[in-house]
Structure formats: C-alpha cells, structure tokens
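Enquirer: See model_10.txt below, with compact mmCIF, C-alpha atoms and all ligand atoms.
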```txt
# COMPACT_ATOMS: atom_id res chain seq x y z
CA MET A 137 101.21 66.62 86.72
CA ARG A 138 104.82 65.63 86.13
CA PRO A 139 106.74 64.68 89.31
CA ILE A 140 110.26 65.93 90.06
CA THR A 141 113.18 64.11 91.67
CA LEU A 142 115.39 66.10 94.03
CA LEU A 143 119.13 65.76 93.40
CA SER A 144 120.79 68.41 95.56
CA VAL A 145 120.10 71.53 97.57
CA ASN A 146 122.39 74.58 97.92
CA LEU A 147 121.98 77.16 100.68
CA TYR A 148 123.22 80.76 100.36
CA PRO A 149 123.19 83.20 103.30
CA LEU A 150 121.84 86.57 102.16
CA HIS A 151 123.26 90.01 102.90
CA ILE A 152 121.68 92.68 100.72
CA PRO A 153 122.07 96.37 101.66
CA PHE A 154 118.80 98.20 102.38
CA LEU A 155 118.25 101.68 101.02
CA GLU A 156 117.29 102.57 104.59
CA PRO A 157 117.42 100.49 107.80
CA PHE A 158 114.08 99.14 109.01
CA VAL A 159 113.25 99.80 112.67
CA THR A 160 110.50 98.01 114.61
CA SER A 161 109.55 97.70 118.27
CA PHE A 162 111.86 94.67 118.48
CA GLY A 163 114.93 96.32 116.94
CA GLU A 164 116.67 97.44 113.78
CA GLU A 165 117.29 95.43 110.62
CA PRO A 166 120.57 96.91 109.31
CA PHE A 167 120.56 94.89 106.07
CA LYS A 168 118.46 92.21 104.44
CA ALA A 169 119.52 88.88 105.97
CA GLY A 170 118.06 85.51 105.06
CA ILE A 171 118.77 82.22 103.32
CA LEU A 172 118.36 81.54 99.63
CA VAL A 173 117.54 77.90 98.82
CA GLU A 174 118.37 76.35 95.45
CA VAL A 175 116.95 72.94 94.56
CA ASN A 176 118.37 70.96 91.63
CA THR A 177 116.28 68.20 90.09
CA LEU A 178 116.96 65.13 87.96
CA GLU A 179 114.81 66.73 85.26
CA GLY A 180 117.32 69.59 84.99
CA VAL A 181 114.99 72.16 86.51
CA ILE A 182 116.27 74.53 89.23
CA GLY A 183 113.91 75.85 91.90
CA TRP A 184 114.49 78.85 94.18
CA GLY A 185 113.06 79.64 97.58
CA GLU A 186 113.75 82.12 100.38
CA SER A 187 113.84 81.31 104.09
CA SER A 188 112.99 84.67 105.59
CA VAL A 189 114.97 84.18 108.78
CA GLU A 190 116.57 87.27 110.28
CA LEU A 191 119.76 88.40 111.92
CA TYR A 192 118.29 88.44 115.44
CA PRO A 193 115.52 86.34 117.05
CA GLY A 194 113.35 89.45 117.58
CA TYR A 195 110.32 88.79 115.38
CA GLY A 196 110.44 85.02 115.61
CA ALA A 197 112.78 82.57 117.26
CA GLU A 198 114.74 81.72 114.12
CA THR A 199 117.88 83.36 112.75
CA VAL A 200 120.07 82.87 109.68
CA VAL A 201 122.44 80.68 111.70
CA THR A 202 119.71 78.47 113.22
CA GLY A 203 118.09 78.23 109.78
CA LEU A 204 121.30 77.03 108.14
CA HIS A 205 121.80 74.53 110.96
CA ILE A 206 118.28 73.09 110.77
CA LEU A 207 118.29 72.97 106.97
CA GLU A 208 121.76 71.41 106.64
CA GLU A 209 121.56 68.92 109.46
CA PHE A 210 117.93 67.87 109.54
CA LEU A 211 115.79 68.99 106.60
CA VAL A 212 117.87 68.73 103.43
CA PRO A 213 119.27 65.23 104.17
CA ASN A 214 115.73 63.85 104.25
CA LEU A 215 114.99 64.97 100.69
CA SER A 216 117.97 63.73 98.70
CA GLY A 217 116.87 61.48 95.83
CA VAL A 218 113.21 61.82 96.79
CA MET A 219 110.55 61.94 94.06
CA ILE A 220 107.97 64.68 94.67
CA HIS A 221 104.56 63.96 93.15
CA HIS A 222 103.15 67.24 94.40
CA PRO A 223 104.63 70.05 96.55
CA THR A 224 101.81 69.59 99.08
CA ASP A 225 103.53 66.29 99.97
CA VAL A 226 106.62 68.17 101.25
CA PRO A 227 105.47 69.11 104.80
CA ALA A 228 105.12 65.40 105.67
CA LEU A 229 108.77 64.92 104.65
CA LEU A 230 109.80 67.73 107.02
CA ALA A 231 107.48 66.80 109.90
CA HIS A 232 110.25 65.08 111.87
CA VAL A 233 111.51 68.60 112.68
CA ARG A 234 109.31 70.58 115.07
CA GLY A 235 108.80 74.28 114.46
CA ASN A 236 111.48 76.08 112.47
CA HIS A 237 108.77 77.24 110.08
CA HIS A 238 110.82 79.94 108.37
CA ALA A 239 113.66 77.52 107.60
CA LYS A 240 111.20 74.91 106.28
CA SER A 241 109.28 77.40 104.18
CA GLY A 242 112.30 78.32 102.02
CA LEU A 243 112.95 74.68 101.17
CA GLU A 244 109.29 74.03 100.46
CA ALA A 245 109.12 77.20 98.32
CA ALA A 246 112.10 76.07 96.21
CA ILE A 247 110.30 72.78 95.56
CA TRP A 248 107.07 74.61 94.64
CA ASP A 249 109.08 76.69 92.15
CA ALA A 250 110.86 73.65 90.65
CA PHE A 251 107.59 71.72 90.39
CA ALA A 252 105.82 74.62 88.67
CA LYS A 253 108.73 75.02 86.23
CA ALA A 254 108.84 71.27 85.49
CA ASN A 255 105.16 71.53 84.61
CA ASP A 256 105.62 74.78 82.67
CA MET A 257 103.17 76.75 84.76
CA ARG A 258 103.26 79.93 86.81
CA LEU A 259 103.44 79.39 90.56
CA ALA A 260 100.24 81.46 90.87
CA ASP A 261 98.40 79.00 88.61
CA LEU A 262 99.83 76.02 90.50
CA PHE A 263 98.47 77.53 93.75
CA ALA A 264 95.06 78.08 92.12
CA SER A 265 95.04 74.46 90.90
CA CYS A 266 95.11 73.36 94.56
CA LEU A 267 91.93 75.33 95.36
CA PRO A 268 88.23 74.92 94.47
CA ASP A 269 86.89 76.53 91.27
CA GLY A 270 86.64 80.31 91.40
CA HIS A 271 90.06 80.92 92.91
CA ASP A 272 92.05 81.70 89.77
CA SER A 273 94.93 84.18 90.07
CA ARG A 274 93.99 87.83 89.42
CA ASN A 275 97.50 88.27 87.93
CA ARG A 276 98.35 91.05 90.36
CA ALA A 277 98.49 91.66 94.09
CA THR A 278 97.13 94.82 95.70
CA VAL A 279 99.78 96.17 98.04
CA GLY A 280 100.64 98.80 100.62
CA VAL A 281 103.83 99.80 102.37
CA SER A 282 105.17 99.25 105.89
CA ILE A 283 106.99 102.21 107.44
CA GLY A 284 109.47 101.66 110.26
CA ILE A 285 109.95 103.68 113.45
CA MET A 286 111.65 106.99 112.60
CA GLU A 287 113.50 109.58 114.66
CA SER A 288 110.60 112.03 114.59
CA ILE A 289 106.97 112.43 113.58
CA ASP A 290 108.03 115.02 110.99
CA LYS A 291 110.40 112.50 109.38
CA THR A 292 107.60 109.95 109.35
CA LEU A 293 105.21 112.41 107.72
CA GLU A 294 107.83 113.06 105.06
CA ILE A 295 108.06 109.34 104.26
CA VAL A 296 104.28 108.92 104.29
CA ARG A 297 103.99 111.80 101.78
CA LYS A 298 106.59 110.14 99.58
CA ARG A 299 104.88 106.72 99.68
CA VAL A 300 101.42 108.15 99.10
CA GLY A 301 102.90 110.15 96.22
CA GLN A 302 104.36 106.95 94.75
CA GLY A 303 100.86 105.50 94.72
CA TYR A 304 100.72 103.17 97.74
CA ALA A 305 97.06 102.79 98.67
CA ARG A 306 97.63 101.62 102.23
CA ILE A 307 100.10 102.82 104.85
CA LYS A 308 101.23 100.74 107.81
CA LEU A 309 103.15 102.42 110.62
CA LYS A 310 105.25 100.53 113.13
CA ILE A 311 104.47 101.57 116.71
CA LYS A 312 105.74 100.97 120.25
CA PRO A 313 104.96 102.51 123.66
CA GLY A 314 105.71 106.24 123.40
CA TRP A 315 105.46 106.12 119.60
CA ASP A 316 101.79 105.54 118.97
CA ILE A 317 98.89 107.95 119.72
CA GLU A 318 100.57 111.20 118.67
CA LEU A 319 102.01 109.53 115.58
CA ALA A 320 98.60 108.21 114.51
CA ARG A 321 97.00 111.59 115.25
CA ALA A 322 99.55 113.47 113.11
CA VAL A 323 99.35 111.12 110.13
CA ARG A 324 95.54 110.99 110.25
CA ALA A 325 95.36 114.80 110.46
CA GLU A 326 97.33 115.22 107.23
CA PHE A 327 95.80 112.19 105.46
CA PRO A 328 92.17 111.98 106.57
CA ASN A 329 91.23 109.42 103.93
CA ILE A 330 94.13 107.01 103.42
CA LEU A 331 93.86 103.37 104.45
CA LEU A 332 95.93 103.47 107.63
CA MET A 333 96.98 100.75 110.07
CA LEU A 334 99.50 100.21 112.87
CA ASP A 335 101.76 97.27 113.74
CA ALA A 336 103.10 96.90 117.31
CA ASN A 337 105.02 93.63 116.94
CA SER A 338 103.99 92.55 120.46
CA ALA A 339 105.13 95.72 122.25
CA TYR A 340 102.13 96.05 124.64
CA THR A 341 100.37 94.11 127.37
CA LEU A 342 96.73 93.91 128.38
CA ALA A 343 97.49 96.57 131.03
CA ASP A 344 97.74 99.00 128.07
CA ALA A 345 94.14 98.35 126.95
CA ASP A 346 92.83 101.82 127.87
CA HIS A 347 95.81 103.44 126.22
CA LEU A 348 95.31 101.41 123.03
CA ALA A 349 91.57 102.21 123.02
CA GLN A 350 92.52 105.84 122.25
CA LEU A 351 93.54 104.59 118.80
CA ASP A 352 89.86 103.94 118.05
CA ALA A 353 89.60 107.67 117.29
CA PHE A 354 91.72 107.43 114.12
CA ASN A 355 89.61 105.22 111.86
CA LEU A 356 92.30 102.59 111.50
CA LEU A 357 91.89 99.59 109.22
CA MET A 358 93.32 97.42 111.99
CA ILE A 359 95.97 97.20 114.69
CA GLU A 360 98.44 94.39 114.12
CA GLN A 361 99.80 92.14 116.90
CA PRO A 362 99.56 94.55 119.85
CA LEU A 363 100.17 91.87 122.52
CA GLY A 364 102.44 88.89 123.20
CA HIS A 365 103.76 86.97 120.22
CA ASP A 366 102.49 83.74 121.80
CA ASP A 367 99.38 85.07 123.52
CA ILE A 368 96.17 84.56 121.56
CA HIS A 369 94.11 84.57 124.78
CA ASP A 370 94.86 88.16 125.81
CA HIS A 371 94.18 89.40 122.27
CA GLY A 372 90.64 88.08 122.79
CA LEU A 373 90.29 90.14 125.98
CA LEU A 374 91.75 93.22 124.26
CA GLN A 375 89.49 92.92 121.21
CA ALA A 376 86.47 93.10 123.53
CA ARG A 377 87.72 96.56 124.61
CA LEU A 378 88.62 97.95 121.15
CA ASN A 379 86.50 98.89 118.15
CA THR A 380 89.53 98.74 115.86
CA PRO A 381 89.88 95.20 114.48
CA ILE A 382 92.86 93.24 115.77
CA CYS A 383 95.04 91.68 113.09
CA LEU A 384 97.22 88.80 114.20
CA ASP A 385 100.68 88.24 112.75
CA GLU A 386 103.20 86.56 115.11
CA SER A 387 100.56 84.56 117.04
CA VAL A 388 99.16 82.56 114.13
CA LYS A 389 101.66 79.85 113.23
CA SER A 390 99.19 77.26 111.92
CA LEU A 391 95.59 76.70 110.82
CA GLY A 392 94.92 75.48 114.37
CA ASP A 393 96.06 78.80 115.83
CA LEU A 394 93.74 80.66 113.45
CA LYS A 395 90.76 78.49 114.42
CA MET A 396 91.44 79.09 118.10
CA ALA A 397 91.80 82.84 117.60
CA LEU A 398 88.50 82.95 115.67
CA LYS A 399 86.72 80.90 118.31
CA ILE A 400 87.63 83.24 121.16
CA GLY A 401 87.21 86.49 119.20
CA ALA A 402 90.91 87.34 119.27
CA ILE A 403 91.18 88.18 115.57
CA GLY A 404 89.38 90.40 113.08
CA VAL A 405 91.92 90.22 110.26
CA LEU A 406 94.72 87.80 109.40
CA ASN A 407 98.20 88.75 108.25
CA LEU A 408 99.30 85.51 106.58
CA LYS A 409 103.03 85.18 106.11
CA PRO A 410 103.63 81.92 104.29
CA ALA A 411 107.03 81.60 106.01
CA ARG A 412 105.56 81.99 109.50
CA VAL A 413 103.18 79.04 109.04
CA GLY A 414 105.84 76.77 107.51
CA GLY A 415 105.15 77.32 103.83
CA PHE A 416 102.60 77.43 101.04
CA THR A 417 100.91 74.08 101.78
CA GLU A 418 99.78 75.28 105.23
CA SER A 419 99.10 78.72 103.71
CA LEU A 420 96.67 77.20 101.20
CA LYS A 421 94.75 75.53 104.05
CA ILE A 422 94.62 78.81 105.96
CA TYR A 423 93.59 80.67 102.79
CA GLN A 424 90.69 78.25 102.29
CA HIS A 425 89.58 78.59 105.90
CA CYS A 426 89.57 82.38 105.54
CA ALA A 427 87.64 82.15 102.25
CA GLU A 428 85.01 79.82 103.76
CA ASN A 429 84.59 81.90 106.92
CA ASN A 430 84.86 85.40 105.41
CA VAL A 431 87.97 86.25 107.40
CA PRO A 432 89.60 89.39 105.93
CA LEU A 433 93.03 88.27 104.71
CA TRP A 434 96.25 89.85 103.46
CA ILE A 435 99.75 88.59 102.84
CA GLY A 436 102.50 89.94 105.06
CA GLY A 437 106.16 90.44 104.27
CA MET A 438 109.57 89.94 105.86
CA LEU A 439 111.48 92.39 103.66
CA GLU A 440 112.04 89.54 101.20
CA CYS A 441 114.44 89.64 98.29
CA GLY A 442 113.02 89.09 94.80
CA VAL A 443 112.74 85.31 95.22
CA GLY A 444 110.50 85.41 98.28
CA ARG A 445 108.71 88.49 96.97
CA ALA A 446 107.81 86.76 93.68
CA ALA A 447 106.33 83.75 95.48
CA ASN A 448 104.37 85.99 97.86
CA VAL A 449 103.03 88.09 94.96
CA ALA A 450 101.87 84.86 93.28
CA PHE A 451 100.04 83.81 96.46
CA ALA A 452 98.65 87.30 97.08
CA SER A 453 97.12 87.29 93.58
CA LEU A 454 94.56 84.70 94.75
CA PRO A 455 91.09 86.27 95.05
CA ALA A 456 90.32 85.62 98.73
CA VAL A 457 93.25 87.86 99.68
CA THR A 458 90.94 90.80 100.28
CA LEU A 459 93.16 93.52 101.79
CA PRO A 460 96.35 95.28 100.60
CA CYS A 461 99.49 93.24 101.28
CA ASP A 462 102.87 94.12 102.82
CA ILE A 463 104.66 93.43 99.55
CA SER A 464 106.11 96.65 98.20
CA ALA A 465 108.04 97.44 95.02
CA THR A 466 111.72 96.45 94.91
CA ASP A 467 112.85 100.09 95.08
CA ARG A 468 111.25 100.48 98.51
CA TYR A 469 113.93 98.10 99.84
CA PHE A 470 116.99 97.72 97.59
CA ALA A 471 119.14 99.58 95.07
CA GLU A 472 119.90 96.17 93.58
CA ASP A 473 118.07 92.90 94.24
CA ILE A 474 119.49 89.43 93.55
CA SER A 475 116.85 88.74 90.87
CA GLU A 476 115.52 90.44 87.75
CA PRO A 477 113.30 92.05 86.78
CA PRO A 478 112.46 94.23 89.79
CA PHE A 479 108.86 94.55 91.00
CA VAL A 480 107.42 97.93 90.04
CA LEU A 481 104.30 99.53 91.55
CA ASN A 482 101.37 99.76 89.10
CA ALA A 483 99.10 102.83 89.10
CA ASP A 484 96.43 100.87 91.00
CA SER A 485 98.81 100.14 93.92
CA SER A 486 99.45 96.60 92.73
CA LEU A 487 102.40 94.42 91.73
CA SER A 488 102.02 92.20 88.67
CA VAL A 489 102.57 88.47 88.76
CA PRO A 490 105.50 87.79 86.40
CA ASP A 491 104.65 85.88 83.20
CA GLY A 492 107.29 83.14 83.32
CA ALA A 493 107.02 79.62 84.76
CA GLY A 494 107.46 79.16 88.52
CA ILE A 495 108.24 82.35 90.44
CA GLY A 496 108.89 84.07 87.09
CA VAL A 497 112.00 86.03 88.11
CA GLN A 498 115.62 85.21 87.20
CA VAL A 499 118.18 84.79 89.97
CA ILE A 500 121.47 86.49 89.04
CA GLY A 501 124.31 84.16 90.05
CA SER A 502 126.96 86.89 90.43
CA ARG A 503 124.72 88.84 92.81
CA VAL A 504 124.10 85.74 94.93
CA ALA A 505 127.88 85.26 95.15
CA GLU A 506 128.36 88.91 96.19
CA SER A 507 125.66 88.54 98.82
CA VAL A 508 127.33 85.41 100.24
CA ASN A 509 130.67 87.27 100.38
CA ARG A 510 129.14 90.22 102.22
CA TRP A 511 127.60 87.78 104.70
CA ALA A 512 130.99 86.14 105.24
CA GLU A 513 132.57 89.57 105.84
CA VAL A 514 130.14 90.65 108.54
CA THR A 515 130.11 87.27 110.26
CA GLY A 516 133.88 86.93 110.09
CA GLY A 517 134.15 83.80 107.99
CA GLY A 518 131.98 81.18 106.31
CA GLU A 519 128.44 80.26 107.17
CA GLU A 520 129.10 79.29 110.76
O1 LIG B 1 105.72 92.53 111.53
O2 LIG B 1 105.07 92.58 109.55
C1 LIG B 1 105.99 92.58 110.34
C2 LIG B 1 109.30 93.09 108.51
C3 LIG B 1 110.12 92.25 109.23
C4 LIG B 1 109.62 91.56 110.31
C5 LIG B 1 108.28 91.73 110.66
C6 LIG B 1 107.45 92.56 109.94
C7 LIG B 1 107.98 93.27 108.86
C8 LIG B 1 107.22 94.24 108.08
C9 LIG B 1 107.75 94.55 106.68
O3 LIG B 1 106.31 94.89 108.49
C10 LIG B 1 106.84 94.23 105.58
C11 LIG B 1 107.58 94.20 104.25
O4 LIG B 1 108.15 93.15 103.90
O5 LIG B 1 107.57 95.23 103.58
MG MG B 2 103.61 92.38 111.72
```
So, in terms of structure tokens, how does the structure I just supplied come out?
Expert:
Amino acid sequence: MRPITLLSVNLYPLHIPFLEPFVTSFGEEPFKAGILVEVNTLEGVIGWGESSVELYPGYGAETVVTGLHILEEFLVPNLSGVMIHHPTDVPALLAHVRGNHHAKSGLEAAIWDAFAKANDMRLADLFASCLPDGHDSRNRATVGVSIGIMESIDKTLEIVRKRVGQGYARIKLKIKPGWDIELARAVRAEFPNILLMLDANSAYTLADADHLAQLDAFNLLMIEQPLGHDDIHDHGLLQARLNTPICLDESVKSLGDLKMALKIGAIGVLNLKPARVGGFTESLKIYQHCAENNVPLWIGGMLECGVGRAANVAFASLPAVTLPCDISATDRYFAEDISEPPFVLNADSSLSVPDGAGIGVQVIGSRVAESVNRWAEVTGGGEE
C-alpha cells in the first residue's frame, strides 16, 4: 500500500447543538463537544478524525481542553514530516504519552482516513485488510439507540415508543440509583419483546448487588458498567450474583483489561469504543480477541459528529461485531451535522457504510468554522 507523509495537523474544538440534551448518571451533556482533527499530507490528501472528549471529566478523565493540550503540546509535534507506512504504526509514535486515549484516537483516526483515501479504499475495507480472511465488511452496521435519563417514566415511554416506531431494534436506557427497577418494569411491560438493556455508567457499588439482582426479572440483553469505572474486580463478584450478563464499557481501556476481565468472569459482553482504547489499531486487536474467544461484541458511541460516526460505522460493519451498536442516525442527535450526507436508519435497523474512500463523508468547512465560533463564545475566547 502507498505510504503517506504528514505535513500538518489542524485541531478544531466542536460545539454542535443537540436536538435534546443527553443526561446520564454522571451528568448532562448540553451540546456536542469534542475535537475535530484534520491531517494534511504531502500527497495532497486530507484526513479527518474525531477525538470524542467531552465538556466535563464525567465519563472519562479527558475533556476538550485537556485533549487540545495533549494534542498540541505532545502528540502532534511528534508526527510532523513523518512517513506513515501503515496506520497501525501510529500508536508507537504516540506511546511517549501515557493514557489520553480519546485525544490520541482522533489523531490516529485522521491518519487512518488519510491513508485509506491515499490508497483509494473505504476505511471499512482497510480495517478488513488488517484481519484474517472471512472478516470482510458487511457494508452496514446494525444499530440501536441510547436513551438518556428523563424527568419521568411517562416521558421515557414516549421516547421509547418514538424510537421503536422509527425502527430501532434495540433500546438502551440510562439508569442510576432511584431510576432503575421501576423504569425497567414499565418499559418491559409495554414492550415485552424488544431487545432491552441498561447502562449505569458506574453509578452503583457492590453493596447494591441484591438491588441490581431484581433486574434479572426483565429479560435484559445486558447491564452495562454498573460498578466503578476502574474496578474490574468487583464486576467479577457482581456477575456471580446476576443472571443478566455484565457488559463493560469504562473499565476496558486496552486488550489487557479485556483479558483480565474475561479471566475473572467480570464480563459477558464488550462495548468497544475505539476512542476509549486509544484508537482503531488497539480496537482491531480487541476485535480479533473477541472473534477468537466468542465474546459478544458491539461498538459503543460518544454522541459523535459525522466524522467519528462514519469511522465507527465502518468498524461496526465488521462481521464479529455481533450485537446492535450505539451508533444512531444523525437525526437522533443533530438538526445539522458538520458533514454530509447524514446517516439515515435503514428498515433493518442498520446504518450503511458510505461508498466513498476513507470515512466516505464530506466535512463542510463553513459548519466547522461555525462550530469553532460557538465553542469560542461559550468558553469566552479562543481554544484556551
Ligand atoms: O456510556 O455509552 C455511554 C454517550 C456519552 C458518554 C457515554 C456513553 C454515551 C452513550 C451514547 O450511551 C451513545 C451514542 O453515541 O448514541
Ligand atoms: Mg456506557
């Protein structure tokens, strides 16, 4: 494959209005925040990636401001003028920085996109080319929808009706203490057959095990990250007391974490967010480990804009992604995204992989500029 040479990197803070705020056990996301990464190459190809960092360090430790700092001061300077023979070589070039996976993943993703474009292939096919035979892209990703914490169960039921009506085949409800058993009971009563799951974003402790065991009555696909974001051990103890499979999100930041969780019985299902594990190179290793060990796998989301969404759809089109993903249609999040065309839900609850090279969506420059301006307004100045 044709190598690329990196000339320059531009970083754009994101501020895109949501159609509705997204509330989780760790807080409210008032608008879509993040960092858009643009990579320019000697070959004249431009690559785009998204660092799905957030406004507050509630899900993970990183924020937009820490992401800009780490990218500008430590990651980008190491790549200037570097020839990339394959995107899987990128993590070694970023290894001098510990952690900061979300920041790294946007830069790596931009290089994956540029490399795929320079070689005139879809990102989905580039991913497949890194895997053994039999892992070709299915050209679409099966998806569900994640529903935030609402002001009442009635309001939640209304939204669930709307999403089921739109054709989403799997519903995920955010929960927290006091917003769990009765919610699950009400949704299950009205929708006895939908694929239903809950996500606690680390809102419980092992002392809640008996309480959480009541959820076994509702035939849930899984319960996602009930316990500490950094506590694989206690998830093992909890799983022994639940029939519902535990899905880990926050706790699995690397292939090593996954292996440990599997070894101690702390995980039944993996939510793989490429950003959380540092990018697509690590994601491909984790994907292969899941494929070889029959670990049920789906791709999670961080309310990405079209750039991150496109890359995640490409990854989620790989065949060992066996469960519906948290990658919904553009109109579930935004009135207007920064890229075109929008992702539209197919009748089989899937999103199609775009046809074009790389991520296959076009970034609209004027919308990026508007987003940067909105960010500057709410933060009272430039990027700092
Ligand atoms: O825990 O999966 C999560 C969004 C932001 C931060 C954490 C999570 C989420 C979601 C949204 O659940 C999934 C999506 O992008 O639609
Ligand atoms: Mg989650």
Enquirer: If you measure from atom CA of A:Leu259 to atom O3 of ligand LIG 1 (chain B), what distance in Å do you get, rounded to one decimal?
Expert: 23.9 Å
Enquirer: At a cut-off of 6 Å, using all atoms listed in the file, what residues contact stretch 280-289 of chain A? Leave out same-chain residues fewer than 3 positions from it and give the result as a list of chain:residue names.
Expert: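 These residues fall inside the cut-off: A:Phe158, A:Val159, A:Thr160, A:Thr292, A:Tyr304, A:Ala305, A:Arg306, A:Ile307, A:Lys308, A:Leu309, A:Lys310, A:Pro460, A:Cys461, A:Asp462, A:Ser464.
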Enquirer: Which residues form the shell of 8 Å around ligand MG 2 (chain B) when you count all atoms listed in the file, given as a list in words?
Expert: Asp335, Ala336, Asn337, Glu360, Gln361, Leu384, Asp385, Glu386, Asn407 and Gly436 of chain A
Enquirer: So, counting all atoms listed in the file, which residue among A:Asn509, A:Asn429, A:Thr278, A:Ser387 is closest to A:Ser453?
Expert: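 For A:Ser453, the nearest of the given residues is A:Thr278.
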Enquirer: For atom CA of A:Arg377 and atom CA of A:Lys312, determine how far apart the two atoms are, in Å to one decimal place.
Expert: 19.1 Å
Enquirer: Give as a ChimeraX atom specification each residue that has an atom at most 7 Å from (105.6, 81.6, 84.7) in the file, counting only C-alpha atoms.
Expert: /A:257-259,490-496
Enquirer: Would you please work out which residue, of A:Ile206, A:Leu373, A:Val212, A:Ile311, is nearest to A:Gly235 when using only C-alpha atoms?
Expert: A:Ile206
Enquirer: Could you name the residues that touch A:Val233 at 8 Å or less, counting only C-alpha atoms, but leaving out those on the same chain fewer than 2 positions away, as a VMD selection string?
Expert: chain A and resid 210 to 211 230 to 231 235 to 236
Enquirer: Would you pick out the contacts of A:Phe416 at 10 Å or less, using only C-alpha atoms, so that residues sharing its chain but fewer than 6 positions from it are not included, and give the list as number ranges by chain?
Expert: A: 223-224, 227, 241-242, 244-245, 248, 263, 409-410, 422-423, 447-448, 451
Enquirer: Please provide as a PyMOL selection string all residues within 12 Å of A:Asn329, with the sequence filter that same-chain residues fewer than 5 positions apart are discarded (counting only C-alpha atoms).
Expert: chain A and resi 300+305-307+323-324+354-357
Enquirer: Do a neighbour search on A:Asn214 at 10 Å with all atoms listed in the file, toss out local chain neighbours closer than 6 positions, and write the hits as a ChimeraX atom specification.
Expert: /A:207-208,229-230,232
Enquirer: Have a look at atom CA of A:Asp256 and atom CA of A:His238 and let me know their distance in Å, one decimal.
Expert: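 Calculated distance between atom CA of A:Asp256 and atom CA of A:His238 is 26.7 Å.
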Enquirer: For ligand LIG 1 (chain B), which residue out of A:Asn482, A:Asn176, A:Ser188, A:Ser265 is the nearest one, using only C-alpha atoms and all ligand atoms?
Expert: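 Smallest separation from ligand LIG 1 (chain B) among the options: A:Ser188.
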Enquirer: Between A:Val508, A:Ile435, A:Ala456, A:Ala483, which residue has the minimum interatomic distance to ligand LIG 1 (chain B), considering all atoms listed in the file?
Expert: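 Among the listed residues, A:Ile435 lies closest to ligand LIG 1 (chain B).
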Enquirer: Would you mind telling me which residue in A:Tyr195, A:Ile220, A:Gly392, A:Gly163 lies nearest to A:Ile140 when using all atoms listed in the file?
Expert: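 Residue with the minimum atom-to-atom distance to A:Ile140: A:Ile220.
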Enquirer: Which of these, A:Arg321, A:Phe327, A:Pro362, A:Pro268, has the shortest distance to A:Val296 once you count all atoms listed in the file?
Expert: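 Looking at the shortest contact to A:Val296, the residue is A:Phe327.
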Enquirer: Could stretch 257-272 of chain A be completed with N, CA, C and O atoms and returned as a CSV table (one decimal), in the coordinates of the input?
Expert:
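Listing of out.csv after writing:
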```csv
chain,number,residue,atom,x,y,z
A,257,MET,N,104.3,75.9,84.3
A,257,MET,CA,103.2,76.8,84.8
A,257,MET,C,103.7,77.8,85.7
A,257,MET,O,104.7,77.6,86.4
A,258,ARG,N,102.9,78.9,85.8
A,258,ARG,CA,103.3,79.9,86.8
A,258,ARG,C,102.9,79.4,88.2
A,258,ARG,O,101.9,78.6,88.4
A,259,LEU,N,103.7,79.8,89.2
A,259,LEU,CA,103.4,79.4,90.6
A,259,LEU,C,102.0,79.8,91.0
A,259,LEU,O,101.3,79.0,91.6
A,260,ALA,N,101.6,81.0,90.5
A,260,ALA,CA,100.2,81.5,90.9
A,260,ALA,C,99.2,80.5,90.4
A,260,ALA,O,98.2,80.2,91.0
A,261,ASP,N,99.4,79.9,89.2
A,261,ASP,CA,98.4,79.0,88.6
A,261,ASP,C,98.5,77.6,89.3
A,261,ASP,O,97.5,77.0,89.4
A,262,LEU,N,99.7,77.3,89.7
A,262,LEU,CA,99.8,76.0,90.5
A,262,LEU,C,99.1,76.2,91.8
A,262,LEU,O,98.4,75.2,92.2
A,263,PHE,N,99.2,77.3,92.5
A,263,PHE,CA,98.5,77.5,93.8
A,263,PHE,C,97.0,77.4,93.5
A,263,PHE,O,96.2,76.7,94.2
A,264,ALA,N,96.5,78.1,92.4
A,264,ALA,CA,95.1,78.1,92.1
A,264,ALA,C,94.6,76.7,91.8
A,264,ALA,O,93.4,76.3,92.2
A,265,SER,N,95.4,75.8,91.2
A,265,SER,CA,95.0,74.5,90.9
A,265,SER,C,94.8,73.6,92.2
A,265,SER,O,94.2,72.5,92.1
A,266,CYS,N,95.3,74.1,93.3
A,266,CYS,CA,95.1,73.4,94.6
A,266,CYS,C,93.8,73.8,95.3
A,266,CYS,O,93.5,73.3,96.3
A,267,LEU,N,93.1,74.7,94.7
A,267,LEU,CA,91.9,75.3,95.4
A,267,LEU,C,90.7,75.0,94.6
A,267,LEU,O,90.7,74.6,93.4
A,268,PRO,N,89.5,75.2,95.2
A,268,PRO,CA,88.2,74.9,94.5
A,268,PRO,C,88.1,75.9,93.3
A,268,PRO,O,88.8,76.9,93.2
A,269,ASP,N,87.2,75.6,92.4
A,269,ASP,CA,86.9,76.5,91.3
A,269,ASP,C,86.6,77.9,91.8
A,269,ASP,O,86.1,78.1,92.9
A,270,GLY,N,86.9,78.9,91.0
A,270,GLY,CA,86.6,80.3,91.4
A,270,GLY,C,87.8,81.0,92.1
A,270,GLY,O,87.7,82.1,92.6
A,271,HIS,N,88.9,80.3,92.2
A,271,HIS,CA,90.1,80.9,92.9
A,271,HIS,C,91.2,81.1,92.0
A,271,HIS,O,92.4,81.0,92.4
A,272,ASP,N,91.0,81.4,90.7
A,272,ASP,CA,92.0,81.7,89.8
A,272,ASP,C,92.8,83.0,90.2
A,272,ASP,O,92.2,83.9,90.7
```
